[in-house]
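Colleague: Structure file model-v9.cif, mmCIF, C-alpha atoms and all ligand atoms, is pasted below:
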data_start
#
loop_
_atom_site.label_atom_id
_atom_site.label_comp_id
_atom_site.auth_asym_id
_atom_site.auth_seq_id
_atom_site.Cartn_x
_atom_site.Cartn_y
_atom_site.Cartn_z
CA MET A 1 92.14 122.57 99.41
CA GLY A 2 93.93 119.32 98.62
CA ASN A 3 91.92 117.48 101.27
CA GLU A 4 88.67 118.89 100.06
CA GLU A 5 89.48 117.76 96.53
CA SER A 6 90.36 114.29 97.74
CA ARG A 7 87.10 113.94 99.59
CA VAL A 8 85.08 114.82 96.50
CA GLU A 9 87.11 112.56 94.21
CA VAL A 10 87.09 109.57 96.53
CA ASP A 11 83.30 109.48 96.30
CA THR A 12 83.37 109.75 92.51
CA PRO A 13 83.03 106.40 90.74
CA PRO A 14 86.01 105.28 88.67
CA GLN A 15 86.14 106.63 85.12
CA THR A 16 88.59 104.23 83.52
CA LEU A 17 88.42 101.09 85.65
CA LYS A 18 85.29 99.06 86.35
CA ALA A 19 86.02 99.28 90.09
CA ARG A 20 88.79 100.41 92.41
CA THR A 21 89.97 96.85 92.90
CA VAL A 22 92.99 94.80 91.95
CA GLU A 23 90.75 92.50 89.90
CA ALA A 24 89.42 95.44 87.87
CA LEU A 25 92.97 96.68 87.40
CA ALA A 26 94.07 93.23 86.21
CA GLN A 27 91.17 93.22 83.77
CA TYR A 28 92.35 96.59 82.45
CA ILE A 29 95.82 95.12 81.93
CA ARG A 30 94.48 91.90 80.35
CA ASP A 31 92.37 94.03 77.99
CA GLU A 32 95.69 95.51 76.78
CA ARG A 33 94.73 98.98 77.89
CA ALA A 34 97.89 99.33 79.99
CA LYS A 35 100.78 99.38 77.53
CA ARG A 36 102.76 102.27 78.97
CA ILE A 37 103.25 101.58 82.65
CA VAL A 38 105.35 103.82 84.86
CA VAL A 39 106.58 102.39 88.14
CA MET A 40 107.72 104.59 91.03
CA THR A 41 109.56 102.94 93.89
CA GLY A 42 111.30 103.55 97.19
CA ALA A 43 113.09 101.72 99.96
CA GLY A 44 110.03 99.63 100.91
CA ILE A 45 110.52 97.36 97.90
CA SER A 46 113.90 96.28 99.26
CA THR A 47 113.10 95.71 102.93
CA SER A 48 112.32 92.04 102.36
CA ALA A 49 115.80 91.71 100.83
CA GLY A 50 117.11 92.71 104.28
CA ILE A 51 117.85 96.40 103.66
CA PRO A 52 116.08 98.72 106.13
CA ASP A 53 114.01 101.58 104.72
CA PHE A 54 114.47 105.12 106.00
CA ARG A 55 111.31 106.22 107.79
CA SER A 56 109.60 103.17 109.28
CA PRO A 57 109.19 104.18 112.92
CA GLU A 58 111.09 101.33 114.60
CA THR A 59 113.08 99.60 111.90
CA GLY A 60 113.94 102.47 109.53
CA LEU A 61 117.50 103.73 109.25
CA TYR A 62 116.64 107.20 110.49
CA ALA A 63 115.19 105.83 113.73
CA ASN A 64 118.35 103.84 114.32
CA LEU A 65 121.12 106.22 113.47
CA ALA A 66 121.46 107.77 116.92
CA ARG A 67 124.47 105.50 117.41
CA LEU A 68 126.31 107.41 114.67
CA ASN A 69 126.12 110.58 116.81
CA LEU A 70 124.52 112.60 114.06
CA PRO A 71 123.02 116.02 114.83
CA TYR A 72 119.85 114.75 113.08
CA ALA A 73 119.25 111.48 111.23
CA GLU A 74 119.08 112.82 107.68
CA ALA A 75 122.51 114.43 108.20
CA VAL A 76 124.04 111.15 107.05
CA PHE A 77 122.86 112.11 103.54
CA ASP A 78 123.38 115.87 103.88
CA ILE A 79 126.08 117.36 101.69
CA SER A 80 127.05 120.14 104.14
CA TYR A 81 127.39 117.66 106.99
CA PHE A 82 129.32 115.24 104.75
CA ARG A 83 131.90 117.96 104.04
CA SER A 84 132.75 118.22 107.71
CA ASN A 85 132.18 114.60 108.72
CA PRO A 86 132.07 111.98 105.95
CA GLU A 87 132.59 108.99 108.23
CA PRO A 88 128.96 108.31 109.22
CA PHE A 89 128.05 108.09 105.53
CA TYR A 90 130.90 105.71 104.80
CA THR A 91 129.95 103.63 107.83
CA LEU A 92 126.57 103.06 106.21
CA ALA A 93 127.78 103.02 102.62
CA GLU A 94 129.70 99.78 102.85
CA GLU A 95 126.56 98.03 104.03
CA LEU A 96 124.42 99.52 101.28
CA TYR A 97 127.05 98.93 98.57
CA PRO A 98 125.50 96.95 95.69
CA GLY A 99 126.16 93.28 95.24
CA LYS A 100 125.26 91.90 98.67
CA TYR A 101 121.53 91.48 98.45
CA ARG A 102 119.12 89.42 96.39
CA PRO A 103 116.35 91.29 94.54
CA THR A 104 112.86 90.78 95.93
CA ILE A 105 109.94 89.40 93.98
CA THR A 106 108.75 93.01 93.69
CA HIS A 107 111.90 93.85 91.72
CA SER A 108 111.23 90.81 89.53
CA PHE A 109 107.66 92.02 88.96
CA ILE A 110 109.08 95.19 87.39
CA THR A 111 111.31 93.00 85.20
CA LEU A 112 108.23 91.00 84.20
CA LEU A 113 106.46 94.19 83.10
CA HIS A 114 109.48 94.96 80.96
CA ARG A 115 109.60 91.44 79.47
CA LYS A 116 105.95 91.86 78.52
CA GLY A 117 106.80 95.12 76.77
CA LEU A 118 104.65 97.14 79.17
CA LEU A 119 107.23 99.11 81.16
CA LEU A 120 107.56 102.68 79.98
CA LYS A 121 109.91 103.78 82.77
CA LEU A 122 110.90 102.91 86.30
CA PHE A 123 111.56 105.88 88.58
CA THR A 124 113.39 104.69 91.66
CA GLN A 125 114.70 106.49 94.71
CA ASN A 126 116.76 103.48 95.68
CA ILE A 127 120.53 103.30 95.51
CA ASP A 128 120.80 99.54 96.02
CA CYS A 129 120.78 98.74 92.26
CA LEU A 130 118.47 95.75 92.88
CA GLU A 131 116.30 96.68 89.90
CA ARG A 132 119.30 96.15 87.63
CA GLU A 133 120.18 92.94 89.44
CA ALA A 134 116.64 91.75 88.76
CA GLY A 135 117.09 92.38 85.04
CA VAL A 136 115.41 95.74 84.42
CA PRO A 137 117.47 97.35 81.61
CA GLY A 138 119.43 100.44 82.63
CA ASP A 139 117.86 102.63 79.95
CA LEU A 140 114.41 102.08 81.49
CA ILE A 141 115.54 103.12 84.97
CA ILE A 142 115.68 106.68 86.26
CA GLU A 143 117.75 106.56 89.42
CA ALA A 144 116.31 109.77 90.81
CA HIS A 145 118.57 109.79 93.86
CA GLY A 146 121.63 108.59 91.96
CA SER A 147 123.47 105.37 92.62
CA PHE A 148 126.78 103.81 93.58
CA ALA A 149 127.63 103.24 89.91
CA THR A 150 129.96 106.26 89.67
CA GLN A 151 131.71 108.59 92.10
CA ARG A 152 133.59 111.87 92.01
CA CYS A 153 135.37 114.52 94.04
CA ILE A 154 132.85 116.85 95.64
CA ASP A 155 135.13 119.85 95.01
CA CYS A 156 136.74 119.59 91.55
CA LYS A 157 134.16 116.97 90.36
CA SER A 158 136.87 114.74 88.88
CA PRO A 159 135.63 111.16 88.48
CA PHE A 160 137.22 108.69 90.86
CA PRO A 161 138.13 105.16 89.66
CA ALA A 162 135.61 102.44 90.49
CA ASP A 163 138.26 99.91 91.57
CA LEU A 164 139.76 102.36 94.09
CA MET A 165 136.28 103.16 95.35
CA ARG A 166 135.56 99.51 95.95
CA ILE A 167 138.82 99.13 97.85
CA ALA A 168 138.04 102.21 99.96
CA MET A 169 134.55 100.90 100.73
CA HIS A 170 135.78 97.52 101.85
CA SER A 171 138.77 98.81 103.77
CA ASN A 172 136.76 101.35 105.71
CA THR A 173 138.67 104.40 104.46
CA VAL A 174 137.28 107.72 103.26
CA PRO A 175 138.56 108.26 99.69
CA HIS A 176 140.02 111.59 98.56
CA CYS A 177 140.55 113.13 95.14
CA LEU A 178 143.59 111.72 93.33
CA ASP A 179 144.62 115.23 92.30
CA THR A 180 146.82 116.09 95.26
CA SER A 181 146.40 119.82 94.69
CA CYS A 182 142.67 119.31 95.32
CA ALA A 183 142.48 116.29 97.67
CA GLY A 184 138.75 116.89 98.12
CA LEU A 185 136.41 114.29 99.51
CA VAL A 186 135.09 111.65 97.12
CA LYS A 187 131.42 110.66 97.24
CA PRO A 188 129.38 108.16 95.21
CA ASP A 189 127.00 109.93 92.83
CA ILE A 190 124.13 109.48 95.27
CA VAL A 191 121.98 112.59 95.52
CA PHE A 192 122.37 114.06 98.99
CA PHE A 193 120.02 116.56 100.57
CA GLY A 194 121.12 119.93 99.18
CA GLU A 195 122.15 118.47 95.81
CA GLN A 196 120.50 118.58 92.41
CA LEU A 197 118.80 115.46 91.05
CA PRO A 198 120.34 113.98 87.88
CA SER A 199 119.35 115.59 84.58
CA SER A 200 117.74 112.25 83.50
CA PHE A 201 115.09 112.84 86.17
CA PHE A 202 114.13 116.25 84.80
CA GLU A 203 114.30 115.02 81.20
CA ASN A 204 111.79 112.27 82.00
CA ARG A 205 109.66 113.72 84.76
CA ASP A 206 106.75 114.48 82.40
CA LEU A 207 106.56 110.87 81.18
CA PRO A 208 103.92 109.88 83.77
CA ALA A 209 101.55 112.25 81.95
CA THR A 210 101.69 109.90 78.95
CA ALA A 211 101.36 106.67 80.94
CA ASP A 212 98.22 104.52 80.96
CA LEU A 213 98.98 103.05 84.40
CA ALA A 214 101.17 104.12 87.32
CA ILE A 215 102.32 101.71 90.02
CA VAL A 216 103.74 103.30 93.18
CA MET A 217 105.43 100.91 95.62
CA GLY A 218 107.38 101.04 98.87
CA THR A 219 107.79 104.78 99.26
CA SER A 220 106.58 107.31 101.81
CA LEU A 221 106.44 109.91 98.99
CA SER A 222 107.99 112.36 101.39
CA VAL A 223 111.00 113.60 99.42
CA HIS A 224 110.44 116.12 96.63
CA PRO A 225 110.57 116.45 93.70
CA PHE A 226 110.16 112.66 93.39
CA ALA A 227 107.08 112.73 95.61
CA SER A 228 105.15 114.77 93.05
CA LEU A 229 105.60 112.26 90.19
CA PRO A 230 102.29 110.38 90.74
CA GLN A 231 100.41 113.69 90.48
CA ILE A 232 101.79 114.20 86.96
CA CYS A 233 99.67 111.26 85.72
CA ALA A 234 96.53 112.25 83.84
CA GLU A 235 93.44 112.42 86.02
CA LYS A 236 91.82 109.37 84.37
CA THR A 237 94.96 107.23 84.48
CA PRO A 238 94.65 104.40 86.99
CA ARG A 239 97.22 104.58 89.78
CA LEU A 240 98.01 101.61 92.00
CA LEU A 241 99.67 102.03 95.40
CA ILE A 242 101.24 98.97 97.02
CA ASN A 243 102.58 100.12 100.37
CA SER A 244 102.23 99.40 104.07
CA ASP A 245 100.40 102.66 104.50
CA LYS A 246 98.60 105.28 102.47
CA VAL A 247 100.98 107.96 101.22
CA GLY A 248 100.92 111.22 99.26
CA ASP A 249 97.67 111.88 97.44
CA MET A 250 97.28 108.22 96.49
CA GLY A 251 93.68 107.17 96.96
CA SER A 252 92.33 110.62 96.21
CA ARG A 253 91.47 110.02 92.55
CA PRO A 254 88.56 108.00 91.14
CA ASP A 255 90.84 105.45 89.47
CA ASP A 256 93.28 104.95 92.34
CA VAL A 257 93.57 101.43 93.69
CA LEU A 258 95.19 100.88 97.08
CA LEU A 259 96.83 97.66 98.27
CA LEU A 260 97.91 98.62 101.75
CA GLU A 261 100.12 95.65 102.47
CA ASP A 262 103.54 94.17 101.95
CA CYS A 263 104.91 94.91 98.45
CA ASP A 264 105.79 91.27 97.76
CA SER A 265 102.34 89.97 98.60
CA GLY A 266 100.77 92.89 96.69
CA VAL A 267 102.64 92.15 93.46
CA ARG A 268 101.83 88.45 93.84
CA LYS A 269 98.15 89.38 94.11
CA LEU A 270 98.27 91.53 90.99
CA ALA A 271 100.29 88.93 89.09
CA GLU A 272 97.82 86.22 90.05
CA ALA A 273 94.88 88.34 88.92
CA CYS A 274 96.67 88.90 85.60
CA GLY A 275 97.42 85.17 85.25
CA TRP A 276 101.17 85.78 85.54
CA LEU A 277 101.96 84.32 88.95
CA ASP A 278 103.89 81.23 87.79
CA GLU A 279 105.88 83.32 85.35
CA LEU A 280 106.68 85.82 88.09
CA GLU A 281 107.80 83.14 90.55
CA ALA A 282 109.99 81.56 87.84
CA LEU A 283 111.55 84.91 87.00
CA TRP A 284 112.27 85.61 90.65
CA ALA A 285 113.75 82.13 91.09
CA GLU A 286 116.37 83.11 88.49
CA THR A 287 117.72 85.73 90.90
CA ALA A 288 118.46 83.13 93.61
CA ARG A 289 122.06 82.64 94.59
CA PRO A 290 123.57 79.28 95.51
CA ASP A 291 123.82 80.17 99.20
CA ASP A 292 120.26 81.57 99.53
CA PRO A 293 117.95 79.58 101.84
CA PRO A 294 115.34 77.62 99.86
CA GLN A 295 112.08 79.48 99.29
CA ALA A 296 108.86 78.21 100.78
CA GLU A 297 106.60 76.67 98.16
CA GLN A 298 103.71 78.82 97.00
CA PRO A 299 100.28 77.51 97.95
CA GLN A 300 98.35 75.72 95.21
CA THR A 301 95.05 77.38 94.37
CA LYS A 302 91.39 76.43 94.06
CA LYS A 303 90.26 73.66 96.36
CA SER A 304 87.08 73.60 98.37
CA ARG A 305 85.65 76.77 99.88
CA ASP A 306 86.81 75.69 103.36
CA GLU A 307 90.31 75.02 102.08
CA ILE A 308 90.44 78.41 100.40
CA LEU A 309 89.33 80.08 103.63
CA GLN A 310 91.89 78.10 105.63
CA GLU A 311 94.61 79.09 103.16
CA GLU A 312 93.61 82.74 103.52
CA VAL A 313 93.82 82.50 107.33
CA ASP A 314 97.22 80.77 107.08
CA LYS A 315 98.44 83.42 104.69
CA LEU A 316 97.35 86.26 106.95
CA THR A 317 99.07 84.57 109.87
CA LYS A 318 102.23 84.21 107.78
CA ASP A 319 102.05 87.88 106.71
CA VAL A 320 101.84 89.00 110.34
CA GLU A 321 104.73 86.70 111.28
CA SER A 322 106.82 87.89 108.37
CA THR A 323 106.17 91.54 109.28
CA LEU A 324 107.32 90.83 112.82
CA ASN A 325 110.36 88.92 111.56
CA LEU A 326 111.17 91.71 109.13
CA GLY A 327 111.35 94.16 111.99
CA LYS A 328 113.56 91.73 113.88
CA SER A 329 115.84 91.09 110.91
CA GLN A 330 116.23 94.81 110.26
CA HIS A 331 117.25 95.36 113.88
CA GLU A 332 119.74 92.52 113.49
CA TRP A 333 121.03 94.14 110.31
CA LEU A 334 121.72 97.34 112.18
CA GLU A 335 123.28 95.55 115.12
CA ASN A 336 125.42 93.25 113.00
CA HIS A 337 126.52 95.73 110.42
CA VAL A 338 126.45 99.29 111.69
CA ASP A 339 127.12 98.64 115.39
CA ARG A 340 129.99 96.29 114.68
CA LYS A 341 131.51 98.77 112.30
CA ILE A 342 131.22 101.64 114.79
CA ALA A 343 132.93 99.45 117.39
CA ARG A 344 135.68 98.64 114.89
CA ARG A 345 136.17 102.33 114.07
CA GLN A 346 136.36 103.10 117.77
CA GLU A 347 139.01 100.39 118.23
CA GLU A 348 140.97 101.82 115.31
CA GLU A 349 140.73 105.31 116.79
CA ASP A 350 141.94 103.97 120.14
CA GLU A 351 144.82 102.15 118.46
CA LYS A 352 145.80 105.31 116.58
CA THR A 353 145.78 107.31 119.81
CA VAL A 354 148.02 104.76 121.51
CA GLU A 355 150.37 104.76 118.52
CA GLN A 356 150.61 108.55 118.55
CA ARG A 357 151.08 108.68 122.28
CA GLU A 358 153.87 106.14 122.24
CA ASN A 359 155.27 107.65 119.05
CA LEU A 360 155.26 104.23 117.51
CA LYS A 361 155.64 103.68 113.77
CA PRO A 362 152.73 101.69 112.34
CA PRO A 363 153.67 98.17 111.27
CA ASP A 364 154.98 97.99 107.69
CA ASP A 365 152.03 96.03 106.35
CA GLU A 366 149.40 98.37 107.84
CA GLY A 367 149.01 100.44 104.67
CA GLU A 368 148.70 97.40 102.48
CA LYS A 369 146.26 95.75 104.83
CA ARG A 370 143.95 98.75 104.86
CA MET A 371 143.95 98.98 101.08
CA ALA A 372 143.72 95.25 100.38
CA PRO A 373 140.50 94.34 98.55
CA ALA A 374 138.02 92.54 100.73
CA LYS A 375 136.76 89.05 100.06
CA GLU A 376 135.00 88.41 96.75
CA GLU A 377 131.30 89.25 96.75
CA PRO A 378 128.64 88.78 94.11
CA GLY A 379 128.90 91.98 92.11
CA LEU A 380 127.10 93.94 89.45
CA GLU A 381 129.77 93.56 86.78
CA HIS A 382 127.17 92.23 84.39
CA VAL A 383 125.20 95.45 84.61
CA TYR A 384 127.95 97.95 85.38
CA PRO A 385 130.95 96.79 83.29
CA HIS A 386 133.15 99.55 84.72
CA LEU A 387 132.89 97.85 88.13
CA LYS A 388 134.76 94.89 86.65
CA LYS A 389 138.10 94.40 88.34
CA PRO A 390 141.10 94.77 86.03
CA SER A 391 142.43 91.33 85.11
CA PRO A 392 145.66 90.48 86.94
P1 LIG B 401 110.89 105.69 103.30
O1 LIG B 401 111.58 104.93 104.36
O2 LIG B 401 110.65 107.13 103.53
O3 LIG B 401 109.48 105.03 102.98
C1 LIG B 401 109.34 103.65 102.79
C2 LIG B 401 107.84 103.34 102.71
O4 LIG B 401 107.72 101.95 102.41
C3 LIG B 401 107.09 103.58 104.00
O5 LIG B 401 105.82 104.13 103.70
C4 LIG B 401 106.96 102.17 104.61
O6 LIG B 401 105.78 102.05 105.39
C5 LIG B 401 106.85 101.34 103.36
N1 LIG B 401 107.34 99.97 103.49
C6 LIG B 401 108.46 99.52 104.09
N2 LIG B 401 108.62 98.19 103.91
C7 LIG B 401 107.56 97.79 103.16
C8 LIG B 401 107.15 96.54 102.61
N3 LIG B 401 107.87 95.42 102.78
N4 LIG B 401 106.00 96.49 101.91
C9 LIG B 401 105.25 97.63 101.72
N5 LIG B 401 105.60 98.83 102.19
C10 LIG B 401 106.74 98.92 102.90
O7 LIG B 401 111.73 105.44 101.97
P2 LIG B 401 111.69 106.29 100.62
O8 LIG B 401 110.33 106.76 100.32
O9 LIG B 401 112.39 105.49 99.60
O10 LIG B 401 117.06 109.76 100.10
O11 LIG B 401 112.60 107.53 101.02
C11 LIG B 401 112.86 108.53 100.07
C12 LIG B 401 114.26 109.08 100.24
O12 LIG B 401 114.46 109.49 101.58
C13 LIG B 401 115.36 108.08 100.01
O13 LIG B 401 115.69 107.93 98.65
C14 LIG B 401 116.50 108.64 100.79
C15 LIG B 401 115.78 109.12 102.01
O14 LIG B 401 116.36 110.18 102.64
C16 LIG B 401 118.39 109.79 99.89
O15 LIG B 401 119.11 108.87 100.13
C17 LIG B 401 118.86 111.05 99.28
#
For the file at hand, write its structure as structure tokens.
Modeller:
Amino acid sequence: MGNEESRVEVDTPPQTLKARTVEALAQYIRDERAKRIVVMTGAGISTSAGIPDFRSPETGLYANLARLNLPYAEAVFDISYFRSNPEPFYTLAEELYPGKYRPTITHSFITLLHRKGLLLKLFTQNIDCLEREAGVPGDLIIEAHGSFATQRCIDCKSPFPADLMRIAMHSNTVPHCLDTSCAGLVKPDIVFFGEQLPSSFFENRDLPATADLAIVMGTSLSVHPFASLPQICAEKTPRLLINSDKVGDMGSRPDDVLLLEDCDSGVRKLAEACGWLDELEALWAETARPDDPPQAEQPQTKKSRDEILQEEVDKLTKDVESTLNLGKSQHEWLENHVDRKIARRQEEEDEKTVEQRENLKPPDDEGEKRMAPAKEEPGLEHVYPHLKKPSP
């Protein structure tokens, strides 16, 4: 039924746009017909920041979690599994903890929409908080799968202090409820499989019906109920997909536009067609950190026809190279972060076993060392004030 519908609709000419192209979409925006834009995102908008997505066949987290000895990959985010074995989650959590990564130009594009007064709402499945880092205001973001901003006991639901959570994250310990009569496991308010989405999601899930443009980026649209959001848009509302591959029912409506490519190059294309590219690059440049490697200069436009063609060929070559490098860097991420941590845990386990066997008392400073805050990292204090460390 769904497929049949898509076939019919794909052949139907667009009703709202002049064509199913990025240029026609940009025209629609320039004509001020897109004033209420909803954006729906997933892990693919953060891969160029260095964070692996979940389901990419070779580089995604789920394809690489065998080393955590999970019964199945998604178990790392499964609440029942977490109850019996929280360590795999915490092994990953430290690496995903906000504050380590720079937003991508795709995140900055969402900020640009907001600065232009066009962003109605951003629905994100991501827990990396990079949208906030990029400057999207918190009240415009629906973090459908929660975030690291708060945490609580999974049994009595008591909130757990942010400063203690940060210490636990960095010292590789699994935190427990401060109420000793409960002592339940503490978990960041990330939505695990088997848990309810936040009420803000349900309160806003009908918003796409009132939007005049939907932009879906970097998601496989495979986890419900988030995956059904694009279908809530009105039939005549243009929907843009920027993603490596075609997902969900995107492409099945007359006013769907597909950019099946890297998110960053896709948003650059749209920004250029809207006449916003310089503004976008400048906005993204603001997110740079002092120790970031310098960015390659963007190509200047409009020379001779031959030069334009040559630039296009160079760009395609670069895209292919960057895709290959991305895969490589995501493998390195897993090797450097997760593997090293597993090895460290194993060493700690071995040390503990030796201590028990020899009935040795742990050295006096062991407790302090494990709880000592790790080195200073760029944080999100400016967006999450409660993450601010208490002054000494
Ligand atoms: P997925 O990993 O399922 O999908 C990411 C999508 O982005 C895939 O279609 C990739 O092909 C695409 N992609 C990756 N890098 C890209 C890039 N640079 N440019 C364009 N496309 C790119 O991630 P999500 O859809 O976010 O849940 O996954 C949804 C949920 O599943 C997550 O929130 C997480 C997971 O289990 C929880 O943590 C509860």
Colleague: Which residues of chain A come within 9 Å of ligand LIG 401 (chain B), and for each one, what is the closest pair of atoms and their distance in Å to one decimal, counting all atoms listed in the file, sorted by chain and residue number, as a Markdown table?
Modeller:
| residue | atom | partner | partner_atom | distance |
| --- | --- | --- | --- | --- |
| A:Thr41 | CA | B:LIG401 | O9 | 6.9 |
| A:Gly42 | CA | B:LIG401 | O9 | 3.3 |
| A:Ala43 | CA | B:LIG401 | O9 | 3.9 |
| A:Gly44 | CA | B:LIG401 | C6 | 3.5 |
| A:Ile45 | CA | B:LIG401 | C8 | 5.8 |
| A:Ser46 | CA | B:LIG401 | N3 | 7.0 |
| A:Thr47 | CA | B:LIG401 | N2 | 5.2 |
| A:Ser48 | CA | B:LIG401 | N3 | 5.6 |
| A:Ala49 | CA | B:LIG401 | N3 | 9.0 |
| A:Pro52 | CA | B:LIG401 | N2 | 7.8 |
| A:Asp53 | CA | B:LIG401 | O1 | 4.2 |
| A:Phe54 | CA | B:LIG401 | O1 | 3.3 |
| A:Arg55 | CA | B:LIG401 | O1 | 3.7 |
| A:Ser56 | CA | B:LIG401 | C4 | 5.5 |
| A:Pro57 | CA | B:LIG401 | O6 | 8.5 |
| A:Gly60 | CA | B:LIG401 | O1 | 6.2 |
| A:Leu61 | CA | B:LIG401 | O1 | 7.8 |
| A:Tyr62 | CA | B:LIG401 | O1 | 8.3 |
| A:Glu74 | CA | B:LIG401 | O14 | 6.3 |
| A:Val76 | CA | B:LIG401 | O15 | 8.8 |
| A:Phe77 | CA | B:LIG401 | C17 | 5.9 |
| A:Asp78 | CA | B:LIG401 | C17 | 8.1 |
| A:Thr124 | CA | B:LIG401 | O13 | 8.0 |
| A:Gln125 | CA | B:LIG401 | O13 | 4.3 |
| A:Asn126 | CA | B:LIG401 | O13 | 5.5 |
| A:Ile127 | CA | B:LIG401 | O15 | 7.4 |
| A:Ala144 | CA | B:LIG401 | O13 | 8.1 |
| A:His145 | CA | B:LIG401 | C17 | 5.6 |
| A:Gly146 | CA | B:LIG401 | C17 | 8.2 |
| A:Ile190 | CA | B:LIG401 | C17 | 6.8 |
| A:Val191 | CA | B:LIG401 | C17 | 5.1 |
| A:Phe192 | CA | B:LIG401 | C17 | 4.6 |
| A:Phe193 | CA | B:LIG401 | C17 | 5.8 |
| A:Glu195 | CA | B:LIG401 | C17 | 8.8 |
| A:Met217 | CA | B:LIG401 | N5 | 6.9 |
| A:Gly218 | CA | B:LIG401 | O4 | 3.7 |
| A:Thr219 | CA | B:LIG401 | O8 | 3.4 |
| A:Ser220 | CA | B:LIG401 | O5 | 3.8 |
| A:Leu221 | CA | B:LIG401 | O8 | 5.2 |
| A:Ser222 | CA | B:LIG401 | O8 | 6.2 |
| A:Val223 | CA | B:LIG401 | C11 | 5.4 |
| A:His224 | CA | B:LIG401 | C11 | 8.7 |
| A:Phe226 | CA | B:LIG401 | C11 | 8.3 |
| A:Ala227 | CA | B:LIG401 | O8 | 8.3 |
| A:Ile242 | CA | B:LIG401 | C9 | 6.3 |
| A:Asn243 | CA | B:LIG401 | N5 | 3.8 |
| A:Ser244 | CA | B:LIG401 | N5 | 3.9 |
| A:Asp245 | CA | B:LIG401 | O6 | 5.5 |
| A:Lys246 | CA | B:LIG401 | O5 | 7.4 |
| A:Val247 | CA | B:LIG401 | O5 | 6.7 |
| A:Leu260 | CA | B:LIG401 | C9 | 7.4 |
| A:Glu261 | CA | B:LIG401 | C9 | 5.5 |
| A:Asp262 | CA | B:LIG401 | N4 | 3.4 |
| A:Cys263 | CA | B:LIG401 | N4 | 4.0 |
| A:Asp264 | CA | B:LIG401 | N4 | 6.7 |
| A:Ser265 | CA | B:LIG401 | N4 | 8.2 |
| A:Gly266 | CA | B:LIG401 | N4 | 8.2 |
| A:Thr323 | CA | B:LIG401 | N3 | 7.8 |
| A:Leu326 | CA | B:LIG401 | N3 | 8.1 |
Colleague: Is it possible to get the residues within 7 Å of (104.9, 103.0, 86.9) (coordinates as in the file, counting all atoms listed in the file) written as an MDAnalysis selection string?
Modeller: chainID A and resid 37:40 121:122 213:216
Colleague: Rounded to one decimal place, report the atom CA of A:His114-atom CA of A:Glu95 distance in Å.
Modeller: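 So the two atoms, atom CA of A:His114 and atom CA of A:Glu95, lie 28.9 Å apart.
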Colleague: Find the distance between atom CA of A:Cys129 and atom CA of A:Phe89 and write it in Å to one decimal.
Modeller: 17.8 Å
Colleague: For the atom pair atom CA of A:Leu118 and atom CA of A:Thr237, what is the interatomic distance in Å to one decimal place?
Modeller: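 Computing the Euclidean distance for atom CA of A:Leu118 and atom CA of A:Thr237 yields 15.0 Å.
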Colleague: Considering only C-alpha atoms, can you say which of A:Tyr28, A:Ser199, A:Leu120, A:Thr91 comes closest to A:Ser171?
Modeller: A:Thr91
Colleague: Within 6 Å of stretch 277-292 of chain A, counting all atoms listed in the file, which residues qualify if same-chain residues fewer than 3 places away don't, as a list in words?
Modeller: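 Returned residues: Ile105, Ser108, Ala271 and Glu272 of chain A.
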Colleague: Complete stretch 192-201 of chain A at the level of N, CA and C atoms, written as a PDB file, keeping the file's coordinate frame.
Modeller:
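File written: result-v2.pdb
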ATOM      1  N   PHE A 192     122.536 113.717  97.580  1.00  0.00           N
ATOM      2  CA  PHE A 192     122.370 114.060  98.990  1.00  0.00           C
ATOM      3  C   PHE A 192     121.374 115.209  99.113  1.00  0.00           C
ATOM      4  N   PHE A 193     120.851 115.383 100.330  1.00  0.00           N
ATOM      5  CA  PHE A 193     120.020 116.560 100.570  1.00  0.00           C
ATOM      6  C   PHE A 193     120.887 117.779 100.298  1.00  0.00           C
ATOM      7  N   GLY A 194     120.341 118.738  99.534  1.00  0.00           N
ATOM      8  CA  GLY A 194     121.120 119.930  99.180  1.00  0.00           C
ATOM      9  C   GLY A 194     121.780 119.787  97.825  1.00  0.00           C
ATOM     10  N   GLU A 195     121.578 118.647  97.142  1.00  0.00           N
ATOM     11  CA  GLU A 195     122.150 118.470  95.810  1.00  0.00           C
ATOM     12  C   GLU A 195     121.044 118.343  94.766  1.00  0.00           C
ATOM     13  N   GLN A 196     121.431 118.657  93.538  1.00  0.00           N
ATOM     14  CA  GLN A 196     120.500 118.580  92.410  1.00  0.00           C
ATOM     15  C   GLN A 196     120.275 117.128  91.992  1.00  0.00           C
ATOM     16  N   LEU A 197     119.064 116.793  91.592  1.00  0.00           N
ATOM     17  CA  LEU A 197     118.800 115.460  91.050  1.00  0.00           C
ATOM     18  C   LEU A 197     119.451 115.341  89.666  1.00  0.00           C
ATOM     19  N   PRO A 198     119.708 114.116  89.204  1.00  0.00           N
ATOM     20  CA  PRO A 198     120.340 113.980  87.880  1.00  0.00           C
ATOM     21  C   PRO A 198     119.468 114.540  86.770  1.00  0.00           C
ATOM     22  N   SER A 199     120.117 114.968  85.674  1.00  0.00           N
ATOM     23  CA  SER A 199     119.350 115.590  84.580  1.00  0.00           C
ATOM     24  C   SER A 199     118.345 114.582  84.000  1.00  0.00           C
ATOM     25  N   SER A 200     118.659 113.265  84.056  1.00  0.00           N
ATOM     26  CA  SER A 200     117.740 112.250  83.500  1.00  0.00           C
ATOM     27  C   SER A 200     116.374 112.329  84.195  1.00  0.00           C
ATOM     28  N   PHE A 201     116.369 112.718  85.473  1.00  0.00           N
ATOM     29  CA  PHE A 201     115.090 112.840  86.170  1.00  0.00           C
ATOM     30  C   PHE A 201     114.254 113.949  85.547  1.00  0.00           C
TER      31      PHE A 201
END
